[in-house]
>>> print(open('protein07.txt').read())   # compact mmCIF, C-alpha atoms
# COMPACT_ATOMS: atom_id res chain seq x y z
CA MET B 1 0.00 0.00 0.00
CA LEU B 2 1.24 3.50 -0.80
CA THR B 3 0.96 6.01 1.98
CA GLN B 4 2.72 9.09 0.66
CA SER B 5 1.27 12.28 2.09
CA ILE B 6 2.39 15.74 2.96
CA GLY B 7 0.18 18.42 1.90
CA ARG B 8 -2.64 16.99 -0.50
CA HIS B 9 -5.40 19.83 -6.81
CA THR B 10 -6.65 19.84 -10.61
CA GLY B 11 -8.50 21.36 -13.47
CA GLY B 12 -7.46 23.23 -16.60
CA LEU B 13 -4.27 21.20 -17.09
CA PRO B 14 -2.81 19.97 -20.35
CA GLY B 15 -3.27 16.26 -20.82
CA VAL B 16 -6.34 15.89 -18.60
CA ARG B 17 -8.48 14.64 -21.48
CA ALA B 18 -5.86 12.05 -22.44
CA MET B 19 -5.75 10.79 -18.86
CA SER B 20 -9.34 9.62 -19.05
CA GLU B 21 -8.25 6.62 -21.09
CA THR B 22 -8.62 3.17 -19.58
CA HIS B 23 -5.40 1.70 -18.22
CA PRO B 24 -4.60 -2.00 -18.22
CA GLY B 25 -6.79 -3.89 -15.77
CA ASP B 26 -9.75 -1.55 -16.37
CA CYS B 27 -8.26 1.18 -14.18
CA VAL B 28 -9.43 4.67 -15.18
CA VAL B 29 -7.45 7.76 -14.14
CA ARG B 30 -9.28 11.07 -14.22
CA PRO B 31 -9.17 14.52 -12.53
CA ALA B 32 -10.58 14.57 -9.01
CA ARG B 33 -13.66 16.69 -8.32
CA PRO B 34 -15.08 18.12 -5.09
CA ASP B 35 -17.95 15.64 -5.27
CA ASP B 36 -15.36 12.84 -4.95
CA ALA B 37 -14.80 13.95 -1.34
CA ALA B 38 -16.54 11.02 0.34
CA ALA B 39 -14.65 8.43 -1.69
CA VAL B 40 -11.29 10.24 -1.43
CA SER B 41 -11.73 10.59 2.34
CA LEU B 42 -12.42 6.85 2.56
CA VAL B 43 -9.21 6.13 0.61
CA HIS B 44 -7.11 8.10 3.11
CA ARG B 45 -8.92 6.96 6.24
CA SER B 46 -8.55 3.30 5.26
CA ASP B 47 -4.90 3.45 6.31
CA VAL B 48 -5.58 4.76 9.85
CA ILE B 49 -5.31 1.95 12.39
CA ALA B 50 -6.28 3.96 15.49
CA TRP B 51 -7.62 7.48 16.02
CA LYS B 52 -6.17 10.00 18.42
CA GLY B 53 -7.95 12.69 20.41
CA TRP B 54 -6.38 15.23 22.79
CA ASP B 55 -7.26 16.02 26.37
CA ALA B 56 -7.46 19.47 27.97
CA HIS B 57 -3.69 19.42 28.56
CA GLY B 58 -2.88 18.62 24.94
CA GLN B 59 -1.96 15.00 25.67
CA PRO B 60 -2.97 12.44 23.01
CA THR B 61 -5.60 9.85 23.92
CA TRP B 62 -7.13 6.98 21.95
CA SER B 63 -10.57 7.85 20.65
CA HIS B 64 -13.33 6.89 18.21
CA TYR B 65 -13.66 8.64 14.86
CA GLU B 66 -17.26 9.72 15.54
CA LYS B 67 -16.22 11.50 18.75
CA LEU B 68 -13.50 13.62 17.13
CA THR B 69 -13.98 17.26 16.19
CA ALA B 70 -13.15 18.35 12.65
CA PHE B 71 -9.88 19.82 13.95
CA GLU B 72 -8.94 16.58 15.70
CA ARG B 73 -9.66 14.62 12.51
CA TRP B 74 -7.44 17.07 10.64
CA MET B 75 -4.70 16.47 13.23
CA ASN B 76 -4.89 12.73 12.47
CA GLY B 77 -3.78 13.25 8.89
CA GLY B 78 -4.97 16.43 7.19
CA PRO B 79 -8.19 17.53 5.46
CA TRP B 80 -8.78 14.08 3.94
CA MET B 81 -9.74 12.73 7.37
CA ASP B 82 -13.07 14.60 7.33
CA GLU B 83 -15.47 14.55 4.38
CA ALA B 84 -16.45 18.23 4.63
CA LEU B 85 -12.82 19.35 4.90
CA CYS B 86 -11.88 17.04 2.04
CA ARG B 87 -14.57 18.60 -0.17
CA ARG B 88 -13.24 22.07 0.58
CA HIS B 89 -9.69 20.90 -0.08
CA LEU B 90 -10.56 19.33 -3.45
CA ALA B 91 -12.33 22.55 -4.45
CA HIS B 92 -9.15 24.45 -3.55
CA MET B 93 -7.14 22.12 -5.75
CA GLN B 94 -8.98 23.16 -8.91
CA GLY B 95 -6.19 25.46 -10.08
CA PRO B 96 -3.65 25.61 -12.93
CA SER B 97 -0.63 24.90 -10.71
CA ARG B 98 -2.27 22.01 -8.84
CA VAL B 99 -3.10 18.46 -9.86
CA ALA B 100 -5.51 16.05 -8.20
CA LEU B 101 -6.23 12.68 -9.81
CA VAL B 102 -8.26 9.66 -8.81
CA ALA B 103 -7.99 6.08 -10.07
CA GLU B 104 -11.20 4.10 -10.44
CA ARG B 105 -12.07 0.44 -10.84
CA GLU B 106 -15.60 -0.34 -11.99
CA GLY B 107 -16.68 3.19 -11.14
CA THR B 108 -15.27 3.11 -7.59
CA VAL B 109 -12.57 5.60 -6.56
CA CYS B 110 -9.80 3.42 -5.11
CA ALA B 111 -6.73 5.69 -5.14
CA GLU B 112 -5.83 9.37 -5.22
CA ALA B 113 -2.75 11.44 -6.10
CA GLU B 114 -1.94 15.14 -5.77
CA ALA B 115 0.96 17.16 -7.14
CA TYR B 116 2.14 20.75 -7.59
CA PHE B 117 3.87 22.44 -10.50
CA GLY B 118 6.74 24.63 -9.34
CA ASP B 119 9.97 26.37 -10.25
CA GLU B 120 12.89 26.16 -7.79
CA PRO B 121 16.68 26.41 -7.70
CA PRO B 122 18.70 23.29 -8.67
CA PRO B 123 18.38 20.38 -8.55
CA PHE B 124 14.63 20.83 -9.12
CA GLY B 125 14.19 23.57 -11.70
CA LYS B 126 10.79 23.56 -13.36
CA HIS B 127 9.19 20.48 -11.88
CA LEU B 128 6.11 18.59 -10.80
CA ASN B 129 6.19 17.61 -7.12
CA LEU B 130 4.21 14.58 -6.01
CA ALA B 131 2.69 15.40 -2.62
CA VAL B 132 0.13 12.64 -2.09
CA LEU B 133 -0.32 9.10 -3.39
CA TYR B 134 -2.73 6.84 -1.51
CA THR B 135 -4.43 3.56 -2.39
CA ARG B 136 -7.42 2.26 -0.47
CA ARG B 137 -6.24 -0.56 1.78
CA ASP B 138 -8.49 -3.21 0.24
CA TYR B 139 -7.32 -2.30 -3.30
CA ALA B 140 -3.56 -2.33 -2.67
CA GLY B 141 -1.34 -4.13 -5.17
CA ARG B 142 -3.70 -3.84 -8.14
CA GLY B 143 -1.76 -1.33 -10.23
CA LEU B 144 -3.68 1.79 -9.17
CA GLY B 145 -0.61 3.60 -7.84
CA SER B 146 1.33 2.79 -11.01
CA ALA B 147 -1.48 4.14 -13.19
CA LEU B 148 -1.44 7.40 -11.26
CA MET B 149 2.36 7.65 -11.49
CA TRP B 150 2.37 7.19 -15.27
CA SER B 151 -0.33 9.85 -15.64
CA LEU B 152 1.63 12.32 -13.52
CA MET B 153 4.79 11.71 -15.53
CA GLU B 154 2.85 12.34 -18.75
CA MET B 155 1.52 15.62 -17.33
CA ALA B 156 5.00 16.72 -16.25
CA ARG B 157 6.41 16.12 -19.71
CA ALA B 158 3.43 17.86 -21.33
CA ARG B 159 4.28 20.98 -19.27
CA SER B 160 8.00 20.74 -20.22
CA CYS B 161 9.09 20.03 -16.66
CA GLU B 162 12.77 19.30 -16.07
CA SER B 163 12.08 16.89 -13.21
CA LEU B 164 9.53 14.97 -11.20
CA SER B 165 10.10 15.25 -7.46
CA LEU B 166 8.74 13.51 -4.40
CA SER B 167 8.67 15.13 -0.98
CA SER B 168 8.76 11.97 1.13
CA ALA B 169 9.32 8.46 -0.18
CA SER B 170 7.36 6.30 2.25
CA ALA B 171 7.43 3.45 -0.31
CA PRO B 172 10.99 3.66 -1.74
CA GLY B 173 10.83 0.33 -3.54
CA PHE B 174 7.76 1.46 -5.48
CA TYR B 175 9.17 4.86 -6.48
CA SER B 176 12.58 3.50 -7.43
CA ARG B 177 10.86 1.36 -10.08
CA PHE B 178 9.96 4.60 -11.85
CA GLY B 179 13.55 5.83 -11.75
CA LEU B 180 13.30 8.17 -8.75
CA ALA B 181 16.22 8.34 -6.31
CA CYS B 182 17.06 10.28 -3.15
CA TRP B 183 18.31 13.81 -3.87
CA GLN B 184 18.19 15.41 -0.41
CA ARG B 185 17.58 14.60 3.25
CA TRP B 186 15.83 17.13 5.49
CA ARG B 187 16.14 16.69 9.25
CA ALA B 188 14.06 18.09 12.11
CA LEU B 189 15.74 21.00 13.83
CA THR B 190 15.12 23.16 16.92
CA VAL B 191 16.77 26.56 17.34
CA ARG B 192 16.66 29.04 20.22
CA ALA B 193 14.84 32.30 19.60
CA ASN B 194 16.87 35.25 20.92
CA LEU B 195 16.49 39.01 20.73
CA ARG B 196 19.32 40.24 18.55
CA ASN B 197 20.50 43.64 17.45
CA SER B 198 20.06 42.57 13.83
CA LEU B 199 19.88 45.09 11.03
CA TYR B 200 16.96 43.93 8.93
CA GLU B 201 13.65 45.19 7.62
CA ARG B 202 10.39 43.31 7.99
CA ASP B 203 7.42 43.98 5.70
CA SER B 204 4.16 42.19 6.42
CA SER B 205 2.94 40.03 3.57
CA GLU B 206 -0.14 37.94 2.80
CA LEU B 207 -0.46 34.24 2.15
CA ALA B 208 -3.33 34.59 -0.29
CA PRO B 209 -3.56 35.83 -2.92
CA ALA B 210 0.13 36.81 -2.80
CA PRO B 211 2.07 34.42 -5.08
CA LEU B 212 5.38 32.84 -4.20
CA PRO B 213 8.14 34.50 -6.25
CA ALA B 214 9.13 32.38 -9.25
CA GLY B 215 12.39 30.47 -8.84
CA TRP B 216 12.49 30.69 -5.03
CA GLY B 217 13.26 27.57 -3.01
CA MET B 218 12.81 26.47 0.58
CA ALA B 219 15.62 27.24 3.00
CA LEU B 220 13.74 25.84 6.01
CA GLY B 221 10.62 23.73 6.57
CA ARG B 222 10.65 21.62 3.43
CA ILE B 223 8.13 18.87 4.10
CA GLY B 224 6.80 19.52 0.61
CA SER B 225 7.89 21.54 -2.41
CA ALA B 226 8.23 25.33 -2.19
CA ALA B 227 4.94 25.80 -4.06
CA GLN B 228 3.12 23.17 -2.00
CA MET B 229 4.24 24.56 1.35
CA TRP B 230 3.22 28.11 0.38
CA ASP B 231 -0.15 26.77 -0.79
CA ARG B 232 -0.59 24.62 2.33
CA LEU B 233 -0.51 27.74 4.52
CA ASP B 234 -3.29 29.44 2.51
CA PRO B 235 -6.09 30.45 4.92
CA GLY B 236 -8.51 28.42 2.81
CA GLU B 237 -6.49 25.29 3.56
CA ARG B 238 -6.35 25.83 7.31
CA PRO B 239 -8.22 23.57 9.75
CA PRO B 240 -11.57 24.80 11.13
CA ARG B 241 -11.49 27.38 13.90
CA ASP B 242 -10.70 25.71 17.18
CA ALA B 243 -9.10 27.06 20.34
CA ARG B 244 -6.27 24.58 19.79
CA SER B 245 -5.76 25.24 16.07
CA PRO B 246 -2.24 26.31 15.07
CA GLY B 247 -2.22 30.04 14.46
CA ILE B 248 -0.04 31.79 11.90
CA LEU B 249 1.75 34.47 13.89
CA MET B 250 3.76 36.16 11.17
CA VAL B 251 3.94 36.29 7.39
CA ALA B 252 6.63 38.70 6.28
CA ASP B 253 9.31 39.54 3.76
CA LEU B 254 12.66 40.01 5.50
CA ALA B 255 15.52 41.95 3.97
CA LEU B 256 18.94 42.54 5.50
CA ARG B 257 19.93 46.18 5.51
CA SER B 258 22.70 45.36 3.04
CA GLY B 259 19.91 44.72 0.53
CA ARG B 260 21.61 41.62 -0.79
CA GLU B 261 19.62 38.99 1.12
CA ARG B 262 15.87 38.45 1.18
CA ALA B 263 13.58 35.84 2.64
CA ARG B 264 9.86 35.18 2.89
CA VAL B 265 9.00 33.84 6.33
CA VAL B 266 5.97 32.20 7.93
CA LEU B 267 6.01 31.54 11.70
CA GLU B 268 3.23 29.28 12.94
CA ASP B 269 2.34 28.17 16.47
CA LYS B 270 3.17 24.53 17.04
CA PRO B 271 -0.02 22.72 18.16
CA PHE B 272 -0.03 21.72 21.84
CA VAL B 273 3.54 23.00 22.43
CA ALA B 274 3.80 26.30 24.31
CA GLY B 275 6.54 28.76 23.41
CA VAL B 276 7.48 27.08 20.11
CA VAL B 277 6.88 28.25 16.55
CA THR B 278 7.33 26.28 13.36
CA ALA B 279 9.38 28.20 10.79
CA TYR B 280 8.93 28.02 7.02
CA VAL B 281 11.40 30.08 4.98
CA TRP B 282 11.75 30.67 1.23
CA THR B 283 14.75 32.42 -0.39
CA PRO B 284 15.97 33.05 -3.96
CA ASP B 285 18.70 30.42 -3.67
CA GLY B 286 17.23 28.18 -0.96
CA ARG B 287 19.91 29.11 1.59
CA LEU B 288 20.28 31.23 4.74
CA SER B 289 23.25 33.26 5.94
CA PRO B 290 24.19 33.61 9.66
CA ARG B 291 22.75 37.14 9.66
CA MET B 292 19.41 35.92 8.29
CA TRP B 293 19.37 33.16 10.93
CA ALA B 294 19.82 35.90 13.54
CA ALA B 295 16.96 37.91 12.04
CA LEU B 296 14.67 34.86 12.20
CA GLY B 297 15.51 34.24 15.86
CA ASP B 298 14.87 37.90 16.62
CA CYS B 299 11.43 37.78 14.92
CA ALA B 300 10.42 34.68 16.91
CA ALA B 301 11.62 36.18 20.19
CA ARG B 302 9.66 39.40 19.57
CA LEU B 303 6.56 37.22 19.23
CA GLY B 304 7.21 35.95 22.75
CA ARG B 305 8.46 32.54 21.65
CA SER B 306 11.58 30.83 22.97
CA GLN B 307 12.22 28.24 20.23
CA MET B 308 11.79 27.65 16.52
CA HIS B 309 11.10 24.19 15.17
CA THR B 310 11.72 23.46 11.48
CA TRP B 311 13.43 21.12 9.00
CA ALA B 312 16.80 21.80 7.36
CA ASP B 313 18.86 20.21 4.60
CA ASP B 314 21.09 17.64 6.31
CA MET B 315 23.91 18.44 3.88
CA ARG B 316 24.02 22.10 4.99
CA ARG B 317 24.78 21.63 8.67
CA ALA B 318 27.59 24.16 8.42
CA ASP B 319 25.00 26.88 7.67
CA VAL B 320 22.98 26.17 10.83
CA PRO B 321 23.68 27.92 14.18
CA ALA B 322 25.97 25.89 16.43
CA HIS B 323 23.41 25.81 19.28
CA ALA B 324 20.75 24.12 17.12
CA ARG B 325 19.48 20.68 18.15
CA TRP B 326 19.04 18.15 15.38
CA GLY B 327 16.21 15.63 15.77
CA GLU B 328 15.78 12.06 14.59
CA GLU B 329 12.99 12.71 12.09
CA VAL B 330 14.30 12.74 8.51
CA ARG B 331 12.40 13.30 5.25
CA GLU B 332 14.02 12.20 2.03
CA VAL B 333 13.35 14.26 -1.09
CA TRP B 334 13.48 12.13 -4.22
CA GLY B 335 13.73 13.18 -7.84
CA LEU B 336 13.87 12.07 -11.46
CA ARG B 337 15.24 13.93 -14.49
CA LEU B 338 12.68 13.94 -17.28
>>> encode(input="protein07.txt", output="structure tokens")
Amino acid sequence: MLTQSIGRHTGGLPGVRAMSETHPGDCVVRPARPDDAAAVSLVHRSDVIAWKGWDAHGQPTWSHYEKLTAFERWMNGGPWMDEALCRRHLAHMQGPSRVALVAEREGTVCAEAEAYFGDEPPPFGKHLNLAVLYTRRDYAGRGLGSALMWSLMEMARARSCESLSLSSASAPGFYSRFGLACWQRWRALTVRANLRNSLYERDSSELAPAPLPAGWGMALGRIGSAAQMWDRLDPGERPPRDARSPGILMVADLALRSGRERARVVLEDKPFVAGVVTAYVWTPDGRLSPRMWAALGDCAARLGRSQMHTWADDMRRADVPAHARWGEEVREVWGLRL
């Protein structure tokens, strides 16, 4: 069974009509629609063995699906865990830079895939990033995932993409059969937030409808492509209002006074963890200098937070502050030249 998920699109894309053809084994791949929400939610929920709720102190407890709030369902795996949230998400995915596909057998939706078109610094370039690929548990091993992969590769080539990328290879044996291999490893990271006498300018920005600058890559927080992570933080993709929902504390463009370094930054409260923000950072070259690290720590401290949690490229440890604590969680980013 394929259980690739990070962020989790369609409509108006070249090649959509061609993808309606029947694949071997009577598998039909077509664009996903909002009215597929019930079936798509079932696909994703089929892989959940046990459901978690949270008590008044933020501690996880075992629970029953029916007793969970929409936010708690979202916390168990994203908008696909709740039919209403899934419908809203699939409606959001009807855009030219997003792809959402379903695979059917005998008229039943049995698998779903989502991807984002983007443009980033090397090694990605102009690419299609696979964010989600799930097969319903009782339909695993019947070629549905392969049918979706071939369709995505056709779409990437039709849009003249240089590469196909994958944000987290939870089924490496499957993806390696299509020629994908590990390009990067991103590791969890925690950094102290300190007030610093840093010379930088901060201009407030907006998540939507402000677009991500073309060619920018992720310097921190890559659990999906640069385009996907920017899109994931869109207010329309946020969980329902709940006292425990993660709040976005800051969206800003930072510029060092020298004028030579810029970054777009989102700082988000980490659910159930007091005093910690999650940092997502985009830059023109996908890197951060020591002075920009200092500016980030200063921003977090001025928000009253003591730590920043994020993910950083494991190969760029020399760029990270010496006091940072590296965690055990690692996400491999895979790619394929087209």
>>> closest_atom_pairs(input="protein07.txt", of="region 27-90 of chain B", to="region 271-288 of chain B", cutoff="10 Å", atoms="only C-alpha atoms", output="tab-separated table")
residue	atom	partner	partner_atom	distance
B:Trp54	CA	B:Phe272	CA	9.1
B:Ala56	CA	B:Phe272	CA	9.9
B:His57	CA	B:Phe272	CA	8.0
B:Gly58	CA	B:Phe272	CA	5.2
B:Gln59	CA	B:Phe272	CA	8.0
B:Pro60	CA	B:Phe272	CA	9.8
B:Met75	CA	B:Pro271	CA	9.2
>>> axis_aligned_box(input="protein07.txt", around="region 59-73 of chain B", padding_each_side="5 Å", output="lines of an AutoDock Vina configuration file")
center_x = -9.6
center_y = 13.4
center_z = 19.1
size_x = 25.3
size_y = 22.9
size_z = 23.2
>>> atom_distance(input="protein07.txt", atom1="CA of Pro209 (chain B)", atom2="CA of Glu268 (chain B)")
18.5 Å
>>> residues_around(input="protein07.txt", residues="region 302-310 of chain B", least_positions_apart="4", cutoff="9 Å", atoms="all atoms listed in the file", output="JSON list (two decimals) with C-alpha atoms, in the frame of the given file")
[["chain", "number", "residue", "atom", "x", "y", "z"],
["B", 187, "ARG", "CA", 16.14, 16.69, 9.25],
["B", 188, "ALA", "CA", 14.06, 18.09, 12.11],
["B", 189, "LEU", "CA", 15.74, 21.00, 13.83],
["B", 190, "THR", "CA", 15.12, 23.16, 16.92],
["B", 191, "VAL", "CA", 16.77, 26.56, 17.34],
["B", 192, "ARG", "CA", 16.66, 29.04, 20.22],
["B", 193, "ALA", "CA", 14.84, 32.30, 19.60],
["B", 194, "ASN", "CA", 16.87, 35.25, 20.92],
["B", 195, "LEU", "CA", 16.49, 39.01, 20.73],
["B", 220, "LEU", "CA", 13.74, 25.84, 6.01],
["B", 221, "GLY", "CA", 10.62, 23.73, 6.57],
["B", 222, "ARG", "CA", 10.65, 21.62, 3.43],
["B", 249, "LEU", "CA", 1.75, 34.47, 13.89],
["B", 250, "MET", "CA", 3.76, 36.16, 11.17],
["B", 267, "LEU", "CA", 6.01, 31.54, 11.70],
["B", 270, "LYS", "CA", 3.17, 24.53, 17.04],
["B", 274, "ALA", "CA", 3.80, 26.30, 24.31],
["B", 275, "GLY", "CA", 6.54, 28.76, 23.41],
["B", 276, "VAL", "CA", 7.48, 27.08, 20.11],
["B", 277, "VAL", "CA", 6.88, 28.25, 16.55],
["B", 278, "THR", "CA", 7.33, 26.28, 13.36],
["B", 279, "ALA", "CA", 9.38, 28.20, 10.79],
["B", 280, "TYR", "CA", 8.93, 28.02, 7.02],
["B", 296, "LEU", "CA", 14.67, 34.86, 12.20],
["B", 297, "GLY", "CA", 15.51, 34.24, 15.86],
["B", 298, "ASP", "CA", 14.87, 37.90, 16.62]]
>>> atom_distance(input="protein07.txt", atom1="CA of Trp230 (chain B)", atom2="CA of Pro211 (chain B)")
8.4 Å
>>> atom_distance(input="protein07.txt", atom1="CA of Ala208 (chain B)", atom2="CA of Gly95 (chain B)")
13.7 Å
>>> closest_residue(input="protein07.txt", among="B:Gly173, B:Gly224, B:Gly141, B:Pro235", to="Phe117 (chain B)", atoms="all atoms listed in the file")
B:Gly224
>>> closest_residue(input="protein07.txt", among="B:Ala32, B:Leu152, B:Leu90, B:Leu336", to="Trp183 (chain B)", atoms="all atoms listed in the file")
B:Leu336
>>> closest_atom_pairs(input="protein07.txt", of="region 6-107 of chain B", to="region 125-134 of chain B", cutoff="12 Å", atoms="only C-alpha atoms", output="Markdown table")
| residue | atom | partner | partner_atom | distance |
| --- | --- | --- | --- | --- |
| B:Ile6 | CA | B:Ala131 | CA | 5.6 |
| B:Gly7 | CA | B:Ala131 | CA | 6.0 |
| B:Arg8 | CA | B:Val132 | CA | 5.4 |
| B:His9 | CA | B:Ala131 | CA | 10.1 |
| B:Val40 | CA | B:Tyr134 | CA | 9.2 |
| B:Ser41 | CA | B:Tyr134 | CA | 10.5 |
| B:Leu42 | CA | B:Tyr134 | CA | 10.5 |
| B:Val43 | CA | B:Tyr134 | CA | 6.9 |
| B:His44 | CA | B:Tyr134 | CA | 6.5 |
| B:Arg45 | CA | B:Tyr134 | CA | 9.9 |
| B:Ser46 | CA | B:Tyr134 | CA | 9.6 |
| B:Asp47 | CA | B:Tyr134 | CA | 8.8 |
| B:Val48 | CA | B:Tyr134 | CA | 11.9 |
| B:Gly77 | CA | B:Val132 | CA | 11.7 |
| B:Gly78 | CA | B:Val132 | CA | 11.2 |
| B:Trp80 | CA | B:Val132 | CA | 10.9 |
| B:Ser97 | CA | B:Leu128 | CA | 9.2 |
| B:Arg98 | CA | B:Leu128 | CA | 9.3 |
| B:Val99 | CA | B:Leu130 | CA | 9.1 |
| B:Ala100 | CA | B:Val132 | CA | 9.0 |
| B:Leu101 | CA | B:Leu133 | CA | 9.4 |
| B:Val102 | CA | B:Tyr134 | CA | 9.6 |
| B:Ala103 | CA | B:Tyr134 | CA | 10.1 |
>>> decode(input="protein07.txt", residues="region 265-282 of chain B", atoms="N, CA and C atoms", output="PDB file, in the first residue's frame")
ATOM      1  N   VAL B 265       9.049  34.624   5.100  1.00  0.00           N
ATOM      2  CA  VAL B 265       8.999  33.840   6.329  1.00  0.00           C
ATOM      3  C   VAL B 265       7.568  33.684   6.820  1.00  0.00           C
ATOM      4  N   VAL B 266       7.229  32.461   7.236  1.00  0.00           N
ATOM      5  CA  VAL B 266       5.973  32.201   7.935  1.00  0.00           C
ATOM      6  C   VAL B 266       6.326  31.542   9.263  1.00  0.00           C
ATOM      7  N   LEU B 267       5.843  32.114  10.372  1.00  0.00           N
ATOM      8  CA  LEU B 267       6.012  31.539  11.696  1.00  0.00           C
ATOM      9  C   LEU B 267       4.633  31.121  12.206  1.00  0.00           C
ATOM     10  N   GLU B 268       4.520  29.853  12.558  1.00  0.00           N
ATOM     11  CA  GLU B 268       3.230  29.276  12.943  1.00  0.00           C
ATOM     12  C   GLU B 268       3.352  28.626  14.317  1.00  0.00           C
ATOM     13  N   ASP B 269       2.348  28.850  15.174  1.00  0.00           N
ATOM     14  CA  ASP B 269       2.338  28.173  16.466  1.00  0.00           C
ATOM     15  C   ASP B 269       2.357  26.664  16.275  1.00  0.00           C
ATOM     16  N   LYS B 270       3.133  25.981  17.089  1.00  0.00           N
ATOM     17  CA  LYS B 270       3.171  24.527  17.035  1.00  0.00           C
ATOM     18  C   LYS B 270       2.052  23.983  17.923  1.00  0.00           C
ATOM     19  N   PRO B 271       1.115  23.187  17.373  1.00  0.00           N
ATOM     20  CA  PRO B 271      -0.021  22.722  18.164  1.00  0.00           C
ATOM     21  C   PRO B 271       0.413  22.007  19.439  1.00  0.00           C
ATOM     22  N   PHE B 272      -0.207  22.377  20.543  1.00  0.00           N
ATOM     23  CA  PHE B 272      -0.034  21.719  21.839  1.00  0.00           C
ATOM     24  C   PHE B 272       1.355  21.904  22.448  1.00  0.00           C
ATOM     25  N   VAL B 273       2.195  22.776  21.875  1.00  0.00           N
ATOM     26  CA  VAL B 273       3.536  22.995  22.432  1.00  0.00           C
ATOM     27  C   VAL B 273       3.709  24.489  22.694  1.00  0.00           C
ATOM     28  N   ALA B 274       3.709  24.886  23.954  1.00  0.00           N
ATOM     29  CA  ALA B 274       3.803  26.301  24.308  1.00  0.00           C
ATOM     30  C   ALA B 274       5.201  26.843  24.044  1.00  0.00           C
ATOM     31  N   GLY B 275       5.263  28.077  23.568  1.00  0.00           N
ATOM     32  CA  GLY B 275       6.539  28.763  23.410  1.00  0.00           C
ATOM     33  C   GLY B 275       7.335  28.374  22.183  1.00  0.00           C
ATOM     34  N   VAL B 276       6.756  27.568  21.290  1.00  0.00           N
ATOM     35  CA  VAL B 276       7.481  27.083  20.108  1.00  0.00           C
ATOM     36  C   VAL B 276       6.730  27.477  18.837  1.00  0.00           C
ATOM     37  N   VAL B 277       7.456  27.975  17.853  1.00  0.00           N
ATOM     38  CA  VAL B 277       6.877  28.247  16.545  1.00  0.00           C
ATOM     39  C   VAL B 277       7.524  27.322  15.518  1.00  0.00           C
ATOM     40  N   THR B 278       6.772  26.998  14.495  1.00  0.00           N
ATOM     41  CA  THR B 278       7.326  26.279  13.356  1.00  0.00           C
ATOM     42  C   THR B 278       7.669  27.306  12.287  1.00  0.00           C
ATOM     43  N   ALA B 279       8.897  27.214  11.757  1.00  0.00           N
ATOM     44  CA  ALA B 279       9.382  28.198  10.787  1.00  0.00           C
ATOM     45  C   ALA B 279       9.418  27.598   9.387  1.00  0.00           C
ATOM     46  N   TYR B 280       8.856  28.348   8.441  1.00  0.00           N
ATOM     47  CA  TYR B 280       8.930  28.016   7.021  1.00  0.00           C
ATOM     48  C   TYR B 280       9.568  29.213   6.326  1.00  0.00           C
ATOM     49  N   VAL B 281      10.639  28.982   5.571  1.00  0.00           N
ATOM     50  CA  VAL B 281      11.397  30.082   4.980  1.00  0.00           C
ATOM     51  C   VAL B 281      11.714  29.776   3.523  1.00  0.00           C
ATOM     52  N   TRP B 282      11.449  30.768   2.652  1.00  0.00           N
ATOM     53  CA  TRP B 282      11.755  30.672   1.229  1.00  0.00           C
ATOM     54  C   TRP B 282      12.766  31.764   0.876  1.00  0.00           C
TER      55      TRP B 282
END
